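final.txt (compact mmCIF, C-alpha atoms) appears below.
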# COMPACT_ATOMS: atom_id res chain seq x y z
CA MET A 1 -31.78 -47.26 21.28
CA THR A 2 -35.01 -47.11 23.26
CA GLU A 3 -37.69 -44.52 22.48
CA GLU A 4 -36.66 -42.58 25.61
CA MET A 5 -33.03 -42.48 24.48
CA LYS A 6 -34.01 -41.33 20.98
CA HIS A 7 -36.13 -38.60 22.52
CA ALA A 8 -33.23 -37.42 24.71
CA TYR A 9 -30.79 -37.59 21.77
CA TRP A 10 -32.99 -35.38 19.59
CA GLN A 11 -33.59 -32.95 22.41
CA GLY A 12 -29.79 -32.66 22.72
CA ILE A 13 -29.49 -31.82 19.03
CA ARG A 14 -32.20 -29.15 19.30
CA ASP A 15 -30.65 -27.58 22.41
CA ALA A 16 -27.23 -27.46 20.75
CA ALA A 17 -28.40 -25.88 17.49
CA PRO A 18 -27.99 -22.21 18.56
CA PHE A 19 -24.42 -22.89 19.74
CA VAL A 20 -23.43 -23.85 16.22
CA PHE A 21 -23.47 -20.13 15.40
CA VAL A 22 -20.97 -19.48 18.21
CA VAL A 23 -18.68 -22.41 17.47
CA ALA A 24 -18.49 -22.01 13.69
CA PRO A 25 -16.93 -18.50 13.49
CA PHE A 26 -14.55 -19.26 16.37
CA SER A 27 -13.32 -22.41 14.67
CA LEU A 28 -13.07 -20.62 11.31
CA LEU A 29 -10.92 -17.97 12.97
CA PHE A 30 -8.64 -20.64 14.43
CA GLY A 31 -8.11 -22.12 10.97
CA VAL A 32 -7.30 -18.68 9.53
CA VAL A 33 -4.94 -17.66 12.35
CA ALA A 34 -3.21 -21.06 12.31
CA THR A 35 -2.39 -20.86 8.61
CA GLU A 36 -1.30 -17.21 9.00
CA ALA A 37 1.08 -18.48 11.69
CA GLY A 38 2.58 -20.88 9.13
CA LEU A 39 0.73 -24.11 9.94
CA SER A 40 -0.30 -26.34 7.05
CA VAL A 41 -3.96 -27.22 6.52
CA PHE A 42 -3.24 -30.70 7.91
CA GLU A 43 -1.52 -29.31 11.00
CA ALA A 44 -4.34 -26.84 11.72
CA LEU A 45 -6.99 -29.56 11.36
CA SER A 46 -4.99 -31.99 13.53
CA PHE A 47 -4.82 -29.30 16.20
CA SER A 48 -8.62 -28.98 16.28
CA VAL A 49 -9.27 -32.74 16.17
CA VAL A 50 -6.69 -33.75 18.79
CA VAL A 51 -7.24 -30.88 21.25
CA ILE A 52 -10.87 -29.79 20.57
CA ALA A 53 -10.68 -26.75 22.90
CA GLY A 54 -10.74 -23.30 21.29
CA ALA A 55 -9.23 -20.98 23.87
CA ALA A 56 -6.44 -23.45 24.71
CA GLN A 57 -5.62 -23.88 21.01
CA PHE A 58 -5.36 -20.10 20.53
CA THR A 59 -3.21 -19.83 23.66
CA ALA A 60 -0.75 -22.51 22.54
CA LEU A 61 -0.54 -21.07 19.03
CA GLN A 62 0.07 -17.51 20.25
CA LEU A 63 2.78 -18.60 22.68
CA LEU A 64 4.52 -20.70 20.00
CA LEU A 65 4.55 -17.57 17.82
CA ASP A 66 6.01 -15.56 20.72
CA ASN A 67 8.86 -18.12 20.94
CA ALA A 68 7.79 -19.17 24.41
CA SER A 69 9.28 -22.47 25.56
CA VAL A 70 7.27 -25.64 24.94
CA PHE A 71 6.82 -25.96 28.70
CA VAL A 72 5.30 -22.49 29.10
CA ALA A 73 3.06 -22.93 26.04
CA LEU A 74 1.77 -26.30 27.28
CA ALA A 75 1.37 -25.19 30.90
CA SER A 76 -0.54 -22.03 29.91
CA ALA A 77 -2.83 -23.81 27.45
CA LEU A 78 -3.56 -26.54 30.00
CA ALA A 79 -4.25 -23.87 32.63
CA VAL A 80 -6.84 -22.39 30.26
CA ASN A 81 -8.37 -25.89 30.14
CA LEU A 82 -8.40 -26.48 33.91
CA ARG A 83 -12.12 -25.71 33.89
CA MET A 84 -12.61 -29.02 32.04
CA ALA A 85 -11.71 -30.82 35.29
CA MET A 86 -14.50 -28.89 36.99
CA TYR A 87 -16.91 -29.93 34.24
CA SER A 88 -15.78 -33.53 34.66
CA ALA A 89 -16.38 -33.39 38.41
CA SER A 90 -19.76 -31.78 37.99
CA LEU A 91 -21.02 -34.35 35.43
CA THR A 92 -19.74 -37.39 37.36
CA PRO A 93 -22.85 -37.80 39.56
CA HIS A 94 -24.92 -38.00 36.33
CA LEU A 95 -22.65 -39.94 33.94
CA GLY A 96 -20.16 -41.67 36.25
CA ARG A 97 -21.98 -45.01 35.99
CA ALA A 98 -21.99 -45.19 32.18
CA PRO A 99 -19.77 -47.89 30.58
CA MET A 100 -16.06 -47.02 30.44
CA TRP A 101 -15.93 -46.66 26.63
CA GLN A 102 -18.81 -44.17 26.78
CA ARG A 103 -17.12 -42.21 29.57
CA MET A 104 -13.94 -42.01 27.47
CA LEU A 105 -15.90 -40.65 24.50
CA ILE A 106 -17.76 -38.22 26.77
CA ALA A 107 -14.43 -37.00 28.17
CA TYR A 108 -13.06 -36.37 24.68
CA PHE A 109 -16.20 -34.42 23.66
CA LEU A 110 -16.48 -32.49 26.94
CA VAL A 111 -16.39 -28.84 25.80
CA ASP A 112 -18.00 -25.64 27.11
CA GLN A 113 -21.18 -26.11 25.07
CA SER A 114 -21.73 -29.83 25.73
CA TYR A 115 -21.20 -29.22 29.46
CA ALA A 116 -23.46 -26.17 29.65
CA CYS A 117 -26.37 -27.82 27.79
CA SER A 118 -26.02 -31.13 29.68
CA ILE A 119 -25.86 -29.80 33.22
CA VAL A 120 -28.96 -27.66 32.65
CA ALA A 121 -30.87 -30.56 31.05
CA PHE A 122 -29.80 -33.09 33.73
CA GLU A 123 -30.88 -30.79 36.55
CA ARG A 124 -34.21 -30.26 34.82
CA ASN A 125 -34.85 -33.96 34.01
CA ARG A 126 -33.92 -35.69 37.24
CA ASP A 127 -35.96 -38.78 36.26
CA TRP A 128 -33.69 -39.54 33.26
CA SER A 129 -31.76 -42.84 33.32
CA VAL A 130 -27.98 -42.86 32.79
CA SER A 131 -28.47 -44.04 29.18
CA GLU A 132 -30.91 -41.19 28.47
CA LYS A 133 -28.39 -38.71 29.87
CA VAL A 134 -25.63 -40.22 27.72
CA ALA A 135 -27.92 -40.04 24.67
CA TYR A 136 -28.67 -36.38 25.40
CA PHE A 137 -24.95 -35.58 25.75
CA PHE A 138 -24.16 -37.13 22.36
CA GLY A 139 -27.14 -35.29 20.88
CA VAL A 140 -25.55 -32.00 21.92
CA VAL A 141 -22.20 -33.08 20.54
CA THR A 142 -23.61 -34.17 17.15
CA PRO A 143 -24.00 -30.71 15.54
CA ILE A 144 -21.21 -28.96 17.50
CA CYS A 145 -18.06 -31.06 17.29
CA PRO A 146 -18.11 -31.97 13.56
CA MET A 147 -18.75 -28.25 12.95
CA TRP A 148 -15.63 -27.49 14.98
CA TYR A 149 -13.47 -29.69 12.71
CA ALA A 150 -15.11 -28.59 9.46
CA MET A 151 -14.82 -24.86 10.05
CA THR A 152 -11.15 -25.15 11.07
CA LEU A 153 -10.59 -26.84 7.73
CA VAL A 154 -12.47 -24.07 5.87
CA GLY A 155 -10.56 -21.38 7.80
CA ALA A 156 -7.23 -23.04 7.04
CA LEU A 157 -8.09 -23.27 3.34
CA VAL A 158 -9.11 -19.58 3.00
CA GLY A 159 -6.55 -18.32 5.54
CA SER A 160 -3.64 -18.24 3.17
CA ALA A 161 -5.67 -15.93 0.89
CA ILE A 162 -5.91 -13.10 3.47
CA PRO A 163 -3.10 -10.52 3.14
CA PRO A 164 -1.15 -9.53 6.30
CA GLU A 165 -2.05 -5.81 6.25
CA TYR A 166 -5.52 -6.57 7.63
CA GLY A 167 -4.10 -6.76 11.14
CA LEU A 168 -4.78 -10.48 11.60
CA ASP A 169 -1.98 -10.54 14.18
CA PHE A 170 -4.55 -8.95 16.47
CA ALA A 171 -7.33 -11.52 15.90
CA VAL A 172 -6.27 -13.58 18.92
CA PRO A 173 -6.13 -10.67 21.40
CA ILE A 174 -9.55 -9.43 20.23
CA THR A 175 -11.04 -12.92 20.50
CA PHE A 176 -9.62 -13.41 23.99
CA ILE A 177 -10.84 -10.02 25.22
CA ALA A 178 -14.31 -10.80 23.84
CA LEU A 179 -14.27 -14.12 25.77
CA ILE A 180 -13.02 -12.51 28.99
CA ALA A 181 -15.39 -9.51 29.12
CA PRO A 182 -18.62 -11.47 29.78
CA MET A 183 -16.84 -13.51 32.50
CA LEU A 184 -16.24 -10.41 34.65
CA ARG A 185 -19.55 -10.92 36.46
CA THR A 186 -18.46 -10.60 40.09
CA ALA A 187 -16.03 -8.42 42.03
CA ALA A 188 -13.88 -11.55 42.52
CA HIS A 189 -13.67 -12.16 38.75
CA ARG A 190 -12.83 -8.51 38.10
CA ALA A 191 -10.16 -8.52 40.84
CA ALA A 192 -8.62 -11.72 39.42
CA ALA A 193 -8.46 -10.24 35.91
CA LEU A 194 -7.08 -6.88 37.05
CA SER A 195 -4.34 -8.42 39.17
CA ALA A 196 -3.41 -10.77 36.33
CA VAL A 197 -3.10 -7.74 34.03
CA ALA A 198 -0.91 -5.84 36.52
CA LEU A 199 1.29 -8.87 37.25
CA ALA A 200 1.66 -9.69 33.53
CA LEU A 201 3.01 -6.19 32.90
CA GLY A 202 5.13 -6.13 36.05
CA PHE A 203 6.74 -9.52 35.37
CA ALA A 204 7.03 -9.22 31.58
CA TRP A 205 10.84 -9.10 32.01
CA LEU A 206 10.99 -12.74 33.19
CA PRO A 207 12.45 -15.13 30.58
CA PHE A 208 10.50 -17.89 28.75
CA ASN A 209 7.18 -16.00 29.27
CA LEU A 210 7.27 -17.14 32.90
CA GLY A 211 5.67 -13.80 33.80
CA LEU A 212 2.49 -15.31 32.39
CA ILE A 213 2.58 -18.15 34.92
CA VAL A 214 3.21 -15.69 37.79
CA ALA A 215 0.34 -13.48 36.62
CA ALA A 216 -2.06 -16.41 36.15
CA LEU A 217 -1.36 -17.91 39.58
CA GLY A 218 -1.52 -14.47 41.21
CA GLY A 219 -4.84 -13.70 39.54
CA MET A 220 -6.32 -17.05 40.65
CA ILE A 221 -5.24 -16.50 44.25
CA VAL A 222 -6.64 -12.94 44.31
CA GLY A 223 -9.94 -14.14 42.81
CA GLY A 224 -10.22 -17.00 45.33
CA GLN A 225 -9.38 -14.72 48.27
CA VAL A 226 -11.82 -11.98 47.24
CA GLU A 227 -14.55 -14.61 46.94
CA LEU A 228 -13.68 -15.91 50.42
CA VAL A 229 -13.84 -12.42 51.95
CA LEU A 230 -17.17 -11.70 50.24
CA ARG A 231 -18.58 -15.03 51.45
CA ARG A 232 -17.52 -14.33 55.04
CA ARG A 233 -19.24 -10.96 54.92
CA GLY A 234 -22.36 -12.54 53.41
CA LEU A 235 -21.97 -10.46 50.24
CA TRP A 236 -21.33 -13.36 47.83
CA VAL A 237 -23.95 -14.04 45.17
CA ASP A 238 -23.38 -17.09 42.96
CA PRO A 239 -22.83 -15.83 39.41
CA MET B 1 8.78 -19.65 12.07
CA ILE B 2 7.32 -22.35 14.29
CA ASP B 3 9.52 -25.37 14.94
CA ARG B 4 7.78 -28.54 13.64
CA THR B 5 8.86 -30.83 16.47
CA GLU B 6 7.69 -28.29 19.04
CA LEU B 7 4.37 -27.90 17.24
CA TRP B 8 3.61 -31.63 17.31
CA ILE B 9 4.74 -31.93 20.94
CA ILE B 10 2.27 -29.13 21.73
CA ILE B 11 -0.57 -30.69 19.71
CA PHE B 12 -0.26 -34.13 21.28
CA GLY B 13 0.76 -32.88 24.72
CA LEU B 14 -2.21 -30.53 24.82
CA GLY B 15 -4.52 -33.22 23.44
CA LEU B 16 -3.44 -35.78 26.07
CA GLY B 17 -3.42 -33.22 28.88
CA SER B 18 -6.87 -31.90 27.98
CA PHE B 19 -8.23 -35.45 27.79
CA ALA B 20 -6.77 -36.18 31.22
CA LEU B 21 -8.43 -33.07 32.68
CA ARG B 22 -11.77 -34.06 31.14
CA PHE B 23 -11.49 -37.73 32.15
CA VAL B 24 -10.10 -37.40 35.66
CA PHE B 25 -13.41 -37.44 37.56
CA LEU B 26 -15.69 -39.13 35.03
CA GLY B 27 -13.20 -41.95 34.46
CA LEU B 28 -12.38 -42.64 38.08
CA ALA B 29 -16.10 -42.44 38.88
CA GLY B 30 -15.10 -41.03 42.21
CA GLU B 31 -18.12 -39.45 43.82
CA ARG B 32 -15.70 -37.84 46.26
CA PRO B 33 -16.04 -34.07 45.82
CA MET B 34 -12.98 -31.91 45.20
CA PRO B 35 -11.79 -29.81 48.14
CA GLU B 36 -13.61 -26.50 48.34
CA TRP B 37 -10.46 -24.33 48.31
CA LEU B 38 -9.30 -25.98 45.07
CA LEU B 39 -12.63 -25.44 43.31
CA ARG B 40 -12.63 -21.85 44.51
CA HIS B 41 -9.28 -21.16 42.84
CA LEU B 42 -10.11 -23.15 39.71
CA ARG B 43 -13.10 -20.85 39.16
CA TYR B 44 -10.67 -18.02 38.40
CA THR B 45 -8.26 -19.78 36.03
CA ALA B 46 -9.83 -18.46 32.83
CA VAL B 47 -10.22 -14.86 34.03
CA ALA B 48 -6.60 -14.89 35.25
CA VAL B 49 -4.80 -16.74 32.43
CA LEU B 50 -6.47 -15.06 29.45
CA PRO B 51 -5.88 -11.42 30.59
CA ALA B 52 -2.29 -12.36 31.49
CA ILE B 53 -1.75 -13.57 27.92
CA VAL B 54 -3.55 -10.68 26.25
CA THR B 55 -2.18 -7.67 28.14
CA PRO B 56 1.37 -7.71 26.75
CA LEU B 57 0.00 -8.39 23.24
CA VAL B 58 -2.20 -5.28 23.51
CA ILE B 59 0.41 -2.96 25.05
CA TRP B 60 3.43 -4.16 23.04
CA PRO B 61 2.10 -5.68 19.77
CA GLY B 62 4.62 -7.76 17.86
CA ALA B 63 3.38 -6.39 14.52
CA THR B 64 4.58 -2.86 15.41
CA GLY B 65 7.87 -4.08 16.83
CA GLY B 66 6.61 -3.65 20.40
CA GLN B 67 5.55 0.00 19.96
CA VAL B 68 2.22 1.04 21.52
CA ASP B 69 -0.24 1.27 18.62
CA PRO B 70 -3.38 3.49 18.86
CA ALA B 71 -5.42 1.35 16.43
CA ARG B 72 -4.79 -1.89 18.34
CA LEU B 73 -5.29 -0.19 21.72
CA ALA B 74 -8.61 1.30 20.58
CA ALA B 75 -9.73 -2.09 19.21
CA ALA B 76 -8.94 -3.73 22.56
CA VAL B 77 -10.88 -1.08 24.51
CA VAL B 78 -13.91 -1.33 22.21
CA THR B 79 -13.94 -5.15 22.39
CA LEU B 80 -13.73 -5.11 26.18
CA GLY B 81 -16.41 -2.43 26.57
CA VAL B 82 -18.88 -4.04 24.17
CA GLY B 83 -18.28 -7.50 25.66
CA TYR B 84 -18.69 -6.27 29.23
CA VAL B 85 -21.92 -4.39 28.53
CA THR B 86 -23.62 -6.75 26.05
CA LYS B 87 -22.03 -10.11 27.08
CA ASN B 88 -22.20 -10.90 23.35
CA VAL B 89 -18.91 -12.49 22.26
CA LEU B 90 -19.45 -12.35 18.49
CA LEU B 91 -20.73 -8.75 18.55
CA SER B 92 -17.69 -7.59 20.51
CA ILE B 93 -15.31 -9.45 18.17
CA GLY B 94 -17.06 -7.81 15.20
CA LEU B 95 -16.97 -4.26 16.59
CA GLY B 96 -13.40 -4.72 17.87
CA ALA B 97 -12.25 -5.94 14.46
CA ALA B 98 -14.08 -3.05 12.76
CA THR B 99 -12.32 -0.58 15.08
CA LEU B 100 -8.95 -2.17 14.27
CA VAL B 101 -9.45 -2.12 10.49
CA GLY B 102 -10.82 1.44 10.67
CA GLY B 103 -7.90 2.58 12.81
CA LEU B 104 -5.33 0.92 10.51
CA LEU B 105 -6.92 2.53 7.42
CA LEU B 106 -6.90 5.99 9.08
CA GLY B 107 -3.39 5.61 10.48
Once more with this new file: its structure as structure tokens, please.
Amino acid sequence: MTEEMKHAYWQGIRDAAPFVFVVAPFSLLFGVVATEAGLSVFEALSFSVVVIAGAAQFTALQLLLDNASVFVALASALAVNLRMAMYSASLTPHLGRAPMWQRMLIAYFLVDQSYACSIVAFERNRDWSVSEKVAYFFGVVTPICPMWYAMTLVGALVGSAIPPEYGLDFAVPITFIALIAPMLRTAAHRAAALSAVALALGFAWLPFNLGLIVAALGGMIVGGQVELVLRRRGLWVDP
Amino acid sequence: MIDRTELWIIIFGLGLGSFALRFVFLGLAGERPMPEWLLRHLRYTAVAVLPAIVTPLVIWPGATGGQVDPARLAAAVVTLGVGYVTKNVLLSIGLGAATLVGGLLLG
């Protein structure tokens, strides 16, 4: 590594440090909820290592518990992860010329935190070379992703010790609501969420949890259309 | 009880699918931008999918056999309110969980 790359790598580690306090409890909770749902420690850890995406993992787990079909569980969890494609598109101008093996590793480690830190840093340091940008990205990943695995393991190990009367069945809904609330920044986001809520209740009678798919698609369309209307009227402010 | 085969299909299916979503642009190194209408809808996936999953769980919780439960409803409202006002995820999880435990102890 050159001096410049080392510098970028360490800056990545420093920028990521505060996010460790967000990732650790979330991952711990996944480990706990997964073992409560009947997963073994090995299964819970495999989930976090193979998928490495919190909200999607919770989604898939909850739908498995609800006896949704494999198709609905996979489609919903992947829908939750669709934003990763946006991250991928947005980082491509910066990292698209890195060697293929590095791009594959970057893709695997592309999570909310590594994207958020990187895009801010890359916009701020436009003089960085591709290898400095790659070094920065892996700097961000260094404290966050191992923490993700480790805390799932800890959660899975302590999870079986927590008795059911503490209402752990409701840990996933509370976590999801806490993730959604700060996202409701614009009228379009609020409209998307509200229509998804209404459609989810209205179509709850559909078999195989298909009401979820209807509600999700409906909410996305409403959000997109509200944004379009606001843009045409000149009322849209980028969140 | 979760079916083992289904669980592993989900783990590997979700792992492969998520990797594909993360790799699609980086890997193809296409500098071609995505169509605007697609990006505009993708922006709302999370705020549409997550409420759609949560709403039935809040209104008809499995733990009470699908009966509306005041403790769980109150916890959901507190979490949403705190999260919306403070934008602090961990604080809203904490206060929501406290409301739930408090409500369950009272009830």
Check every residue of chain A for an atom within 6 Å of chain B, counting all atoms listed in the file, and provide those that qualify as a ChimeraX atom specification. /A:47,50-51,80,84-85,88-89,92,96,107-108,173,175,177-178,181-182,192-193,196-197,200,212,215-216,219-220,223-224
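Atom to atom, atom CA of A:Val154 and atom CA of A:Leu39 stand 13.8 Å apart.
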Which residues, written as a list in words, have at least one atom at most 9 Å from A:Val172, with only C-alpha atoms counted and residues fewer than 4 positions away on the same chain left out?
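Surrounding residues, per the criterion: Leu29, Phe30, Val33, Phe58, Thr59, Gln62, Leu168, Phe176 and Ile177 of chain A; Val54 of chain B.
Closest approach to A:Ala191 among A:Asp112, A:Glu3, A:Glu227, A:Asp15: A:Glu227, based on all atoms listed in the file.
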Computed gap from atom CA of A:Ile180 to atom CA of A:Val23 is 16.2 Å
Correct to one decimal, the distance atom CA of A:Ile52-atom CA of A:Tyr9 is 21.4 Å
